[in-house]
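Asker: Provided herewith: start_37.txt, compact mmCIF, C-alpha atoms and all ligand atoms.
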# COMPACT_ATOMS: atom_id res chain seq x y z
CA MET A 180 -26.63 1.67 -11.25
CA SER A 181 -28.51 2.06 -7.95
CA LYS A 182 -27.87 5.12 -5.78
CA LYS A 183 -25.36 3.36 -3.58
CA LEU A 184 -22.55 1.41 -5.20
CA LYS A 185 -23.05 -2.34 -4.63
CA ILE A 186 -19.72 -3.79 -3.61
CA GLY A 187 -18.65 -7.42 -3.17
CA ILE A 188 -15.72 -8.22 -0.90
CA ILE A 189 -13.27 -10.88 -2.09
CA GLY A 190 -11.50 -12.07 1.08
CA ALA A 191 -13.20 -11.44 4.43
CA GLY A 192 -10.04 -11.45 6.55
CA THR A 193 -8.52 -8.57 8.52
CA ILE A 194 -8.53 -5.94 5.82
CA GLY A 195 -11.66 -7.26 4.10
CA LYS A 196 -13.50 -6.45 7.35
CA THR A 197 -11.88 -3.00 7.50
CA HIS A 198 -13.34 -2.36 4.03
CA MET A 199 -16.75 -3.60 5.20
CA ARG A 200 -16.69 -1.06 8.04
CA ALA A 201 -15.42 1.74 5.80
CA ILE A 202 -18.04 1.05 3.11
CA LYS A 203 -20.79 1.25 5.74
CA GLU A 204 -19.40 4.55 7.03
CA SER A 205 -18.77 6.01 3.57
CA GLY A 206 -22.44 6.73 2.90
CA VAL A 207 -21.88 6.14 -0.83
CA SER A 208 -21.60 2.35 -1.08
CA GLU A 209 -22.98 -0.82 0.46
CA VAL A 210 -21.54 -4.29 1.02
CA ALA A 211 -23.80 -6.39 -1.20
CA ALA A 212 -21.97 -9.74 -0.87
CA ILE A 213 -18.83 -11.27 0.55
CA CYS A 214 -16.81 -14.37 -0.26
CA ASP A 215 -14.03 -16.33 1.39
CA PRO A 216 -13.02 -20.00 1.07
CA ASP A 217 -12.63 -20.16 4.86
CA ALA A 218 -16.18 -20.89 6.10
CA LYS A 219 -15.50 -19.72 9.67
CA ILE A 220 -14.03 -16.38 8.54
CA LEU A 221 -16.93 -15.94 6.11
CA GLU A 222 -19.55 -16.57 8.78
CA ALA A 223 -17.89 -14.38 11.40
CA ALA A 224 -17.43 -11.43 9.01
CA GLY A 225 -20.97 -11.79 7.59
CA ASN A 226 -22.47 -11.83 11.10
CA GLU A 227 -20.36 -8.93 12.35
CA TYR A 228 -21.37 -6.66 9.47
CA GLY A 229 -24.85 -8.06 8.82
CA VAL A 230 -24.18 -9.24 5.27
CA ALA A 231 -26.39 -12.18 4.22
CA PRO A 232 -25.18 -12.97 0.68
CA ARG A 233 -22.07 -15.08 1.38
CA TYR A 234 -20.15 -17.24 -1.07
CA PRO A 235 -17.32 -19.78 -0.74
CA SER A 236 -15.51 -18.39 -3.79
CA ALA A 237 -15.20 -15.23 -5.87
CA LYS A 238 -16.29 -17.27 -8.89
CA ALA A 239 -19.64 -18.08 -7.23
CA MET A 240 -20.09 -14.49 -6.02
CA LEU A 241 -19.32 -12.96 -9.41
CA LYS A 242 -21.79 -15.35 -11.05
CA LYS A 243 -24.72 -14.92 -8.67
CA ALA A 244 -24.52 -11.58 -6.87
CA SER A 245 -25.68 -8.31 -8.42
CA LEU A 246 -22.66 -6.02 -8.02
CA ASP A 247 -21.12 -2.85 -9.46
CA ALA A 248 -17.64 -3.41 -8.06
CA VAL A 249 -15.46 -5.63 -5.90
CA VAL A 250 -12.74 -5.08 -3.34
CA VAL A 251 -9.88 -7.59 -3.63
CA ALA A 252 -8.63 -8.16 -0.08
CA THR A 253 -6.90 -11.52 -0.39
CA PRO A 254 -3.26 -12.61 -0.04
CA ASN A 255 -1.16 -10.84 -2.71
CA SER A 256 -0.84 -13.91 -4.98
CA VAL A 257 -4.61 -13.85 -5.53
CA HIS A 258 -4.89 -10.14 -6.46
CA CYS A 259 -4.18 -10.59 -10.17
CA PRO A 260 -6.34 -13.66 -10.91
CA GLU A 261 -9.35 -12.41 -8.93
CA ALA A 262 -9.12 -8.85 -10.28
CA VAL A 263 -8.90 -10.13 -13.87
CA ALA A 264 -11.91 -12.43 -13.26
CA ALA A 265 -13.87 -9.49 -11.83
CA PHE A 266 -13.11 -7.31 -14.89
CA LYS A 267 -14.25 -10.17 -17.15
CA ALA A 268 -17.50 -10.26 -15.14
CA GLY A 269 -17.96 -6.50 -15.77
CA MET A 270 -17.01 -5.14 -12.33
CA HIS A 271 -14.89 -2.19 -11.27
CA VAL A 272 -12.08 -3.20 -8.88
CA LEU A 273 -10.55 -1.65 -5.79
CA CYS A 274 -7.52 -3.87 -5.18
CA GLU A 275 -5.56 -3.89 -1.94
CA LYS A 276 -1.86 -3.07 -1.94
CA PRO A 277 0.51 -4.27 -3.27
CA THR A 278 -1.08 -4.26 -6.73
CA ALA A 279 0.17 -7.78 -7.36
CA LEU A 280 3.20 -10.05 -6.93
CA ASN A 281 5.16 -8.17 -9.62
CA ALA A 282 4.90 -5.67 -12.48
CA ALA A 283 4.01 -8.33 -15.07
CA GLU A 284 0.89 -9.25 -13.09
CA ALA A 285 0.05 -5.56 -12.52
CA ARG A 286 0.24 -4.98 -16.30
CA LYS A 287 -2.19 -7.89 -16.87
CA MET A 288 -4.63 -6.25 -14.45
CA VAL A 289 -4.40 -2.88 -16.21
CA ALA A 290 -4.92 -4.56 -19.60
CA ALA A 291 -8.01 -6.41 -18.29
CA ALA A 292 -9.42 -3.17 -16.81
CA ASN A 293 -8.88 -1.30 -20.08
CA LYS A 294 -10.45 -4.12 -22.11
CA ALA A 295 -13.52 -4.10 -19.86
CA ASP A 296 -13.52 -0.27 -19.69
CA LYS A 297 -13.66 -0.44 -15.89
CA ILE A 298 -11.80 1.33 -13.07
CA LEU A 299 -8.82 -0.33 -11.38
CA GLN A 300 -8.00 1.59 -8.20
CA ILE A 301 -5.15 0.44 -5.94
CA GLY A 302 -5.65 0.50 -2.16
CA MET A 303 -2.97 3.06 -1.30
CA VAL A 304 -4.85 4.22 1.74
CA VAL A 305 -2.03 6.38 3.19
CA ARG A 306 -2.61 8.93 0.40
CA TYR A 307 -6.01 9.84 1.90
CA ASP A 308 -4.59 10.66 5.35
CA GLY A 309 -5.13 14.29 6.37
CA GLU A 310 -1.38 14.96 6.52
CA SER A 311 -0.73 13.33 3.14
CA MET A 312 -3.45 15.48 1.59
CA LEU A 313 -2.02 18.59 3.26
CA ALA A 314 1.45 17.81 1.86
CA LYS A 315 0.00 17.31 -1.63
CA GLU A 316 -1.75 20.68 -1.40
CA TYR A 317 1.47 22.44 -0.25
CA ILE A 318 3.51 20.82 -3.01
CA GLU A 319 0.95 21.71 -5.69
CA ASP A 320 0.90 25.29 -4.36
CA GLY A 321 4.70 25.45 -4.85
CA LEU A 322 5.66 25.76 -1.16
CA LEU A 323 8.45 23.19 -1.55
CA GLY A 324 9.69 24.48 -4.90
CA ARG A 325 11.52 21.81 -6.88
CA ILE A 326 11.74 18.54 -4.94
CA TYR A 327 15.15 16.91 -5.44
CA HIS A 328 15.49 14.27 -2.71
CA MET A 329 13.19 12.15 -0.54
CA HIS A 330 13.70 9.92 2.49
CA LEU A 331 11.58 6.98 3.54
CA ILE A 332 12.32 5.55 6.98
CA LEU A 333 10.04 2.78 8.18
CA ARG A 334 11.96 0.84 10.77
CA ARG A 335 10.04 -1.68 12.78
CA ARG A 336 12.21 -3.24 15.45
CA ARG A 337 10.27 -6.50 15.87
CA GLY A 338 7.20 -6.42 13.66
CA ILE A 339 7.16 -9.49 11.41
CA PRO A 340 3.51 -10.28 10.60
CA GLY A 341 2.20 -13.87 10.68
CA LEU A 342 5.61 -15.55 10.87
CA GLY A 343 5.40 -18.73 8.79
CA GLY A 344 2.08 -17.72 7.17
CA TRP A 345 1.29 -16.25 3.76
CA PHE A 346 2.92 -12.86 4.54
CA THR A 347 6.34 -14.51 4.94
CA THR A 348 6.02 -17.00 2.05
CA HIS A 349 7.32 -15.49 -1.21
CA GLU A 350 4.99 -17.54 -3.40
CA HIS A 351 1.96 -15.89 -1.71
CA SER A 352 3.30 -12.43 -0.83
CA GLY A 353 5.92 -11.61 -3.49
CA GLY A 354 8.26 -10.36 -0.74
CA GLY A 355 8.46 -9.17 2.85
CA ALA A 356 8.79 -5.80 4.57
CA LEU A 357 9.30 -3.84 1.35
CA ILE A 358 6.25 -5.11 -0.54
CA ASP A 359 4.10 -5.26 2.60
CA CYS A 360 4.54 -1.88 4.29
CA GLY A 361 7.26 -0.17 2.21
CA VAL A 362 4.84 0.05 -0.74
CA HIS A 363 2.55 2.45 1.12
CA TYR A 364 5.27 5.07 1.64
CA LEU A 365 7.10 4.54 -1.67
CA ASP A 366 3.76 5.15 -3.33
CA LEU A 367 3.13 8.19 -1.12
CA LEU A 368 6.46 9.80 -2.05
CA MET A 369 6.13 9.01 -5.76
CA TRP A 370 2.60 10.49 -5.71
CA LEU A 371 3.52 13.58 -3.68
CA SER A 372 6.50 14.37 -5.92
CA ASP A 373 4.75 13.20 -9.11
CA SER A 374 7.64 10.83 -9.83
CA TRP A 375 6.29 8.19 -12.20
CA ASN A 376 9.55 8.04 -14.15
CA PRO A 377 11.89 5.82 -12.06
CA GLN A 378 15.11 5.05 -13.93
CA ARG A 379 17.61 3.11 -11.82
CA VAL A 380 17.80 1.40 -8.46
CA SER A 381 20.60 0.28 -6.18
CA ALA A 382 19.33 -1.73 -3.23
CA SER A 383 19.84 -4.66 -0.90
CA LEU A 384 17.34 -6.94 0.77
CA TYR A 385 18.20 -8.88 3.91
CA SER A 386 16.56 -11.72 5.77
CA LYS A 387 18.10 -11.87 9.24
CA PHE A 388 15.32 -12.34 11.81
CA GLY A 389 12.48 -14.32 10.20
CA PRO A 390 14.60 -17.38 9.37
CA ARG A 391 15.31 -17.80 13.11
CA MET A 392 11.70 -18.96 13.45
CA LYS A 393 11.35 -20.19 17.08
CA ASN A 394 14.37 -18.09 18.08
CA TYR A 395 12.83 -14.87 16.74
CA LEU A 396 12.37 -12.78 19.90
CA TYR A 397 9.37 -10.46 19.93
CA HIS A 398 6.98 -9.00 22.48
CA GLY A 399 3.21 -8.70 22.54
CA LYS A 400 0.73 -9.91 19.95
CA MET A 401 2.02 -10.70 16.46
CA TRP A 402 0.11 -8.89 13.68
CA ALA A 403 -1.55 -11.53 11.46
CA GLY A 404 -0.20 -14.10 13.94
CA PRO A 405 0.19 -16.35 15.80
CA PRO A 406 3.42 -17.75 14.35
CA ASN A 407 3.40 -21.04 12.49
CA TYR A 408 6.85 -22.44 13.18
CA LYS A 409 6.33 -25.21 10.62
CA GLY A 410 5.68 -22.59 7.93
CA THR A 411 8.04 -20.71 5.64
CA PHE A 412 10.06 -17.50 5.91
CA ASN A 413 11.75 -16.80 2.58
CA VAL A 414 11.30 -13.02 2.17
CA ASP A 415 13.10 -9.80 3.19
CA ASP A 416 12.82 -8.43 6.72
CA TYR A 417 15.01 -5.40 5.89
CA ALA A 418 15.37 -3.42 2.67
CA GLY A 419 17.59 -0.41 1.98
CA GLY A 420 18.62 1.47 -1.13
CA MET A 421 18.28 4.36 -3.51
CA ILE A 422 16.00 5.07 -6.47
CA ARG A 423 16.96 7.56 -9.21
CA PHE A 424 14.20 9.28 -11.18
CA ALA A 425 14.50 10.78 -14.69
CA ASP A 426 14.48 14.42 -13.56
CA ASN A 427 17.54 14.20 -11.25
CA LYS A 428 15.40 13.35 -8.26
CA THR A 429 16.48 10.67 -5.79
CA LEU A 430 14.81 8.71 -3.02
CA THR A 431 16.59 6.74 -0.31
CA PHE A 432 14.70 4.18 1.72
CA GLU A 433 15.04 1.88 4.68
CA VAL A 434 12.16 -0.44 5.47
CA SER A 435 12.18 -3.19 8.08
CA TRP A 436 9.91 -5.68 9.75
CA ALA A 437 12.75 -6.40 12.17
CA ALA A 438 16.13 -4.77 12.81
CA ASN A 439 18.43 -3.88 15.68
CA CYS A 440 17.86 -0.14 15.48
CA LYS A 441 15.65 2.59 16.84
CA GLN A 442 12.02 2.03 15.82
CA GLU A 443 11.12 4.99 13.60
CA ASN A 444 8.71 5.99 10.89
CA TYR A 445 8.75 9.11 8.70
CA VAL A 446 8.99 10.42 5.18
CA GLU A 447 10.77 13.63 4.16
CA LEU A 448 10.71 15.63 0.95
CA LEU A 449 13.49 18.14 0.31
CA GLY A 450 12.71 20.99 -2.08
CA ASP A 451 14.65 24.12 -3.00
CA LYS A 452 12.00 26.36 -1.36
CA GLY A 453 10.86 24.15 1.48
CA GLY A 454 11.01 20.67 2.93
CA MET A 455 8.43 18.55 4.69
CA ARG A 456 8.52 15.77 7.21
CA LEU A 457 5.37 13.74 7.78
CA HIS A 458 4.02 10.46 9.12
CA ASP A 459 6.36 10.41 12.12
CA GLY A 460 3.56 10.21 14.67
CA ASN A 461 3.52 14.00 15.23
CA ALA A 462 1.96 16.77 13.19
CA PRO A 463 3.69 17.40 9.83
CA VAL A 464 6.32 20.15 9.63
CA LEU A 465 7.13 22.50 6.76
CA TYR A 466 10.81 23.56 6.92
CA THR A 467 11.13 26.86 5.13
CA GLU A 468 12.05 30.54 5.35
CA HIS A 469 9.67 33.27 6.46
CA ASN A 470 10.28 37.05 6.62
CA ASN A 471 14.06 36.58 6.44
CA HIS A 472 14.11 33.87 9.08
CA VAL A 473 14.63 30.15 8.82
CA ALA A 474 11.28 28.86 10.04
CA ASP A 475 9.42 25.67 10.95
CA ILE A 476 5.70 25.78 10.25
CA HIS A 477 3.38 23.36 12.07
CA PRO A 478 0.08 23.52 10.18
CA GLN A 479 -3.12 22.18 11.68
CA PHE A 480 -4.95 19.73 9.48
CA GLU A 481 -8.12 17.70 9.38
CA LYS A 482 -7.67 14.06 10.43
CA LYS A 483 -9.41 11.62 8.12
CA ASP A 484 -10.29 7.93 8.14
CA GLY A 485 -8.29 6.90 5.09
CA PHE A 486 -10.36 3.80 4.38
CA VAL A 487 -13.63 5.78 4.35
CA ALA A 488 -12.09 8.52 2.16
CA GLN A 489 -10.72 5.81 -0.16
CA HIS A 490 -14.22 4.39 -0.71
CA GLN A 491 -15.66 7.84 -1.29
CA ALA A 492 -12.97 8.46 -3.93
CA PHE A 493 -13.60 5.04 -5.49
CA ALA A 494 -17.34 5.74 -5.82
CA LYS A 495 -16.57 9.09 -7.48
CA ALA A 496 -14.17 7.45 -9.93
CA VAL A 497 -16.62 4.67 -10.78
CA THR A 498 -19.44 7.13 -11.39
CA GLY A 499 -17.16 9.34 -13.50
CA LYS A 500 -17.33 12.34 -11.12
CA THR A 501 -13.55 12.57 -10.64
CA PRO A 502 -10.56 10.73 -12.13
CA CYS A 503 -9.28 7.70 -10.22
CA ILE A 504 -6.79 8.91 -7.57
CA VAL A 505 -4.69 5.71 -7.61
CA PRO A 506 -4.95 4.29 -11.15
CA GLY A 507 -3.59 0.85 -12.00
CA GLU A 508 -0.87 2.43 -14.19
CA GLN A 509 0.72 3.94 -11.06
CA GLY A 510 0.55 0.48 -9.49
CA VAL A 511 2.54 -0.82 -12.48
CA ALA A 512 5.22 1.88 -12.01
CA LEU A 513 5.54 1.08 -8.31
CA MET A 514 5.70 -2.68 -8.91
CA SER A 515 8.39 -2.01 -11.56
CA VAL A 516 10.46 -0.24 -8.88
CA ILE A 517 9.94 -3.16 -6.49
CA ASP A 518 10.96 -5.66 -9.18
CA ALA A 519 14.11 -3.57 -9.80
CA ILE A 520 14.91 -3.50 -6.07
CA HIS A 521 14.71 -7.31 -5.97
CA LYS A 522 16.89 -7.55 -9.10
CA SER A 523 19.47 -5.06 -7.78
CA SER A 524 19.74 -7.01 -4.54
CA GLU A 525 20.12 -10.34 -6.35
CA GLN A 526 22.76 -8.96 -8.73
CA ASN A 527 24.49 -6.78 -6.11
CA LYS A 528 24.60 -3.76 -8.44
CA GLU A 529 22.58 -0.81 -9.74
CA VAL A 530 19.94 -1.86 -12.29
CA ALA A 531 17.55 -0.13 -14.69
CA VAL A 532 13.84 0.00 -13.89
CA ARG A 533 11.82 -1.70 -16.63
CA LEU A 534 8.59 0.27 -16.93
CA SER A 535 6.92 -1.66 -19.78
N1 LIG B 1 -4.20 -1.15 3.27
C1 LIG B 1 -3.63 -1.61 4.35
O1 LIG B 1 -3.22 -0.85 5.22
C2 LIG B 1 -3.47 -3.09 4.51
C3 LIG B 1 -3.26 -3.63 5.77
C4 LIG B 1 -3.14 -5.02 5.88
C5 LIG B 1 -3.24 -5.83 4.75
N2 LIG B 1 -3.42 -5.27 3.53
C6 LIG B 1 -3.48 -6.08 2.31
O2 LIG B 1 -4.78 -6.72 2.27
C7 LIG B 1 -4.65 -8.02 1.73
C8 LIG B 1 -5.21 -9.03 2.73
O3 LIG B 1 -4.47 -8.94 3.95
P1 LIG B 1 -5.13 -9.40 5.33
O4 LIG B 1 -4.25 -8.90 6.41
O5 LIG B 1 -6.58 -9.06 5.36
O6 LIG B 1 -4.96 -10.98 5.19
P2 LIG B 1 -5.85 -12.10 5.87
O7 LIG B 1 -5.07 -13.35 5.77
O8 LIG B 1 -6.34 -11.63 7.21
O9 LIG B 1 -7.14 -12.19 4.94
C9 LIG B 1 -7.11 -12.69 3.62
C10 LIG B 1 -8.40 -13.48 3.39
O10 LIG B 1 -8.48 -13.83 2.03
C11 LIG B 1 -9.08 -15.12 1.94
N3 LIG B 1 -8.80 -15.69 0.61
C12 LIG B 1 -7.69 -16.35 0.18
N4 LIG B 1 -7.84 -16.67 -1.13
C13 LIG B 1 -9.07 -16.19 -1.51
C14 LIG B 1 -9.80 -16.21 -2.74
N5 LIG B 1 -9.29 -16.77 -3.86
N6 LIG B 1 -11.02 -15.63 -2.78
C15 LIG B 1 -11.54 -15.06 -1.68
N7 LIG B 1 -10.90 -15.01 -0.48
C16 LIG B 1 -9.67 -15.57 -0.42
C17 LIG B 1 -8.46 -15.87 3.10
O11 LIG B 1 -9.22 -17.02 3.47
C18 LIG B 1 -8.46 -14.80 4.18
O12 LIG B 1 -9.64 -14.83 4.97
C19 LIG B 1 -3.17 -8.21 1.40
O13 LIG B 1 -2.94 -7.92 0.06
C20 LIG B 1 -2.46 -7.19 2.28
O14 LIG B 1 -1.24 -6.72 1.71
C21 LIG B 1 -3.56 -3.92 3.39
Can you give me the file's structure in the form of structure tokens?

Answerer:
Amino acid sequence: MSKKLKIGIIGAGTIGKTHMRAIKESGVSEVAAICDPDAKILEAAGNEYGVAPRYPSAKAMLKKASLDAVVVATPNSVHCPEAVAAFKAGMHVLCEKPTALNAAEARKMVAAANKADKILQIGMVVRYDGESMLAKEYIEDGLLGRIYHMHLILRRRRGIPGLGGWFTTHEHSGGGALIDCGVHYLDLLMWLSDSWNPQRVSASLYSKFGPRMKNYLYHGKMWAGPPNYKGTFNVDDYAGGMIRFADNKTLTFEVSWAANCKQENYVELLGDKGGMRLHDGNAPVLYTEHNNHVADIHPQFEKKDGFVAQHQAFAKAVTGKTPCIVPGEQGVALMSVIDAIHKSSEQNKEVAVRLS
């Protein structure tokens, strides 16, 4: 393996380009090739980041380019097939979130990685944020004591991405708000509290704004837009519910792309020694007791570019310097929770999480 990790990008769209920037800035890897079936996107991304080896498909890139690893940055329905093909070609894989459309696909990816003896790292970039890392350090140092409940609030008021495009078409995305942005913070809380043993879920998914199509009122530029009113919206734009873990730990969540409520974003962890609130747009807070007083501690922390830190961690995992921070197995656990949320909503009752 050369000094810098040679990485191929599968999918040169919005987040594929973010990876290209982050790889350049990481100092440990280089973008050795890119592929995308959309010739215009391929050319624009290649020119912007000065990458000459460009291919119309992952198949062609995997065959011809000399690579150590790939980043899968395609619509969610393509994660599993392209990751499995990359493992068969002998590559390590950094796959964007969500791991796949469902847990069955995520398991296939883990099996392919194990068979090839390669790393599968999932793109849970929020974990690398300075405040996430600070919270992990505090929790590992025992400052929260035993964590027993967690809150996830991610309420976008009008934030449906690419209405009518792949994000809002179940066949390509596997779901809406929950699988798109909810996954980041569900993963964060499960990682922070080391909760890889989900047991039962009671949840409901709603689809109230997207189906209005032309009558969906929003302001400004649509992320992943503009809307395609002839396209499909058959996913959730609001998800709410509760997850029970094996060790009497619970997590309640509310995630929306669109809802008539105050726009808000935060996660909270409640422990018997301390609690923490983070990712609300302000500095994180530790709620605790100090010298016989109830106290709020506002620690300073180092801000980090999560995408750059993610690539530095990936290079370390691939070269065996440190274990993979977001292994595929954790992606399977998270997708199992998401599958259970869908099932609970469909059946209108609490359901068991099927982990294998
Ligand atoms: N980590 C994050 O914060 C974050 C943010 C946004 C999106 N994402 C994830 O990144 C992925 C891509 O999202 P996006 O916003 O960049 O979408 P996008 O539509 O902008 O880009 C996807 C690209 O993949 C290409 N593509 C489709 N099939 C392909 C194939 N078989 N081989 C190669 N290229 C293919 C498309 O032509 C397109 O250019 C999704 O899984 C999404 O959930 C992650």

Asker: Could you list, with a cut-off of 9 Å and counting only C-alpha atoms, the residues of range 491-521 of chain A near range 294-311 of chain A, each shown with its nearest atom pair and the distance in Å rounded to one decimal, rows sorted by chain and ascending number, as a Markdown table?

Answerer:
| residue | atom | partner | partner_atom | distance |
| --- | --- | --- | --- | --- |
| A:Phe493 | CA | A:Gln300 | CA | 7.1 |
| A:Ala496 | CA | A:Ile298 | CA | 7.3 |
| A:Val497 | CA | A:Ile298 | CA | 6.3 |
| A:Cys503 | CA | A:Gln300 | CA | 6.6 |
| A:Ile504 | CA | A:Gln300 | CA | 7.4 |
| A:Val505 | CA | A:Gln300 | CA | 5.3 |
| A:Pro506 | CA | A:Gln300 | CA | 5.0 |
| A:Gly507 | CA | A:Leu299 | CA | 5.4 |
| A:Glu508 | CA | A:Leu299 | CA | 8.9 |
| A:Gln509 | CA | A:Ile301 | CA | 8.5 |
| A:Gly510 | CA | A:Ile301 | CA | 6.7 |

Asker: From the options A:Ile188, A:Val210, A:Asn255, A:Arg334, which residue's atoms come nearest to Tyr234 in chain A, counting all atoms listed in the file?

Answerer: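 So, comparing all the options, the nearest one is A:Ile188.
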
Asker: Just need the box for ligand LIG 1 (chain B), edges along x, y and z, holding every atom the file lists for it with 6 Å tacked onto each side, so centre and edge lengths in Å to one decimal, as lines of an AutoDock Vina configuration file.

Answerer:
center_x = -6.4
center_y = -8.9
center_z = 1.7
size_x = 22.3
size_y = 28.2
size_z = 23.1

Asker: Go through A:His521, A:Arg286, A:Arg325, A:Lys219 and flag the residue nearest ligand LIG 1 (chain B), using all atoms listed in the file for the distances.

Answerer: A:Lys219

Asker: Just the residues within 7 Å of range 193-197 of chain A, please, counting all atoms listed in the file, with nothing from its chain fewer than 3 positions along; format it as an MDAnalysis selection string.

Answerer: chainID A and resid 188 190 200:201 224 252

Asker: For ligand LIG 1 (chain B), list the contacting residues at 9 Å or closer, counting only C-alpha atoms and all ligand atoms, as a PyMOL selection string.

Answerer: chain A and resi 188-197+213-221+234-238+251-258+260-261+274-279+302-305+340-341+344-346+352+358-360+363+402-403+486

Asker: Taking all atoms listed in the file into account, name the residue in A:Met392, A:Leu357, A:Ala212, A:Ala290 that is nearest to Arg335 in chain A.

Answerer: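 Going through A:Met392, A:Leu357, A:Ala212, A:Ala290 one by one, the smallest distance to Arg335 in chain A is for A:Leu357.
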
Asker: What would range 270-276 of chain A look like with all heavy atoms restored, written as a tab-separated table (two decimals), keeping the file's coordinate frame?

Answerer:
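Saved result, rebuild-v1.tsv, follows:
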chain	number	residue	atom	x	y	z
A	270	MET	N	-17.07	-5.93	-13.57
A	270	MET	CA	-17.01	-5.14	-12.33
A	270	MET	C	-15.86	-4.13	-12.37
A	270	MET	O	-14.84	-4.36	-13.01
A	270	MET	CB	-16.70	-6.03	-11.11
A	270	MET	CG	-17.47	-7.29	-11.01
A	270	MET	SD	-19.12	-6.97	-10.47
A	270	MET	CE	-19.96	-8.37	-11.15
A	271	HIS	N	-16.01	-3.06	-11.60
A	271	HIS	CA	-14.89	-2.19	-11.27
A	271	HIS	C	-14.16	-2.86	-10.09
A	271	HIS	O	-14.77	-3.62	-9.34
A	271	HIS	CB	-15.38	-0.81	-10.82
A	271	HIS	CG	-16.17	-0.10	-11.88
A	271	HIS	ND1	-15.57	0.61	-12.89
A	271	HIS	CD2	-17.52	0.01	-12.08
A	271	HIS	CE1	-16.51	1.15	-13.67
A	271	HIS	NE2	-17.69	0.79	-13.21
A	272	VAL	N	-12.87	-2.53	-9.92
A	272	VAL	CA	-12.08	-3.20	-8.88
A	272	VAL	C	-11.29	-2.19	-8.04
A	272	VAL	O	-10.57	-1.35	-8.58
A	272	VAL	CB	-11.08	-4.22	-9.51
A	272	VAL	CG1	-10.16	-4.81	-8.44
A	272	VAL	CG2	-11.83	-5.33	-10.24
A	273	LEU	N	-11.45	-2.32	-6.73
A	273	LEU	CA	-10.55	-1.65	-5.79
A	273	LEU	C	-9.69	-2.77	-5.21
A	273	LEU	O	-10.20	-3.64	-4.50
A	273	LEU	CB	-11.35	-0.94	-4.68
A	273	LEU	CG	-10.57	-0.40	-3.48
A	273	LEU	CD1	-9.40	0.48	-3.89
A	273	LEU	CD2	-11.50	0.40	-2.57
A	274	CYS	N	-8.41	-2.77	-5.57
A	274	CYS	CA	-7.52	-3.87	-5.18
A	274	CYS	C	-6.57	-3.41	-4.09
A	274	CYS	O	-5.92	-2.37	-4.22
A	274	CYS	CB	-6.73	-4.36	-6.39
A	274	CYS	SG	-5.66	-5.74	-5.98
A	275	GLU	N	-6.48	-4.21	-3.03
A	275	GLU	CA	-5.56	-3.89	-1.94
A	275	GLU	C	-4.11	-3.80	-2.43
A	275	GLU	O	-3.76	-4.32	-3.48
A	275	GLU	CB	-5.67	-4.97	-0.84
A	275	GLU	CG	-6.52	-4.54	0.34
A	275	GLU	CD	-6.07	-3.21	0.95
A	275	GLU	OE1	-4.90	-2.84	0.85
A	275	GLU	OE2	-6.93	-2.53	1.54
A	276	LYS	N	-3.29	-3.13	-1.66
A	276	LYS	CA	-1.86	-3.07	-1.94
A	276	LYS	C	-1.20	-4.37	-1.48
A	276	LYS	O	-1.75	-4.99	-0.57
A	276	LYS	CB	-1.19	-1.87	-1.28
A	276	LYS	CG	-1.40	-1.64	0.22
A	276	LYS	CD	-1.18	-2.64	1.26
A	276	LYS	CE	0.12	-3.29	1.49
A	276	LYS	NZ	0.15	-4.16	2.70
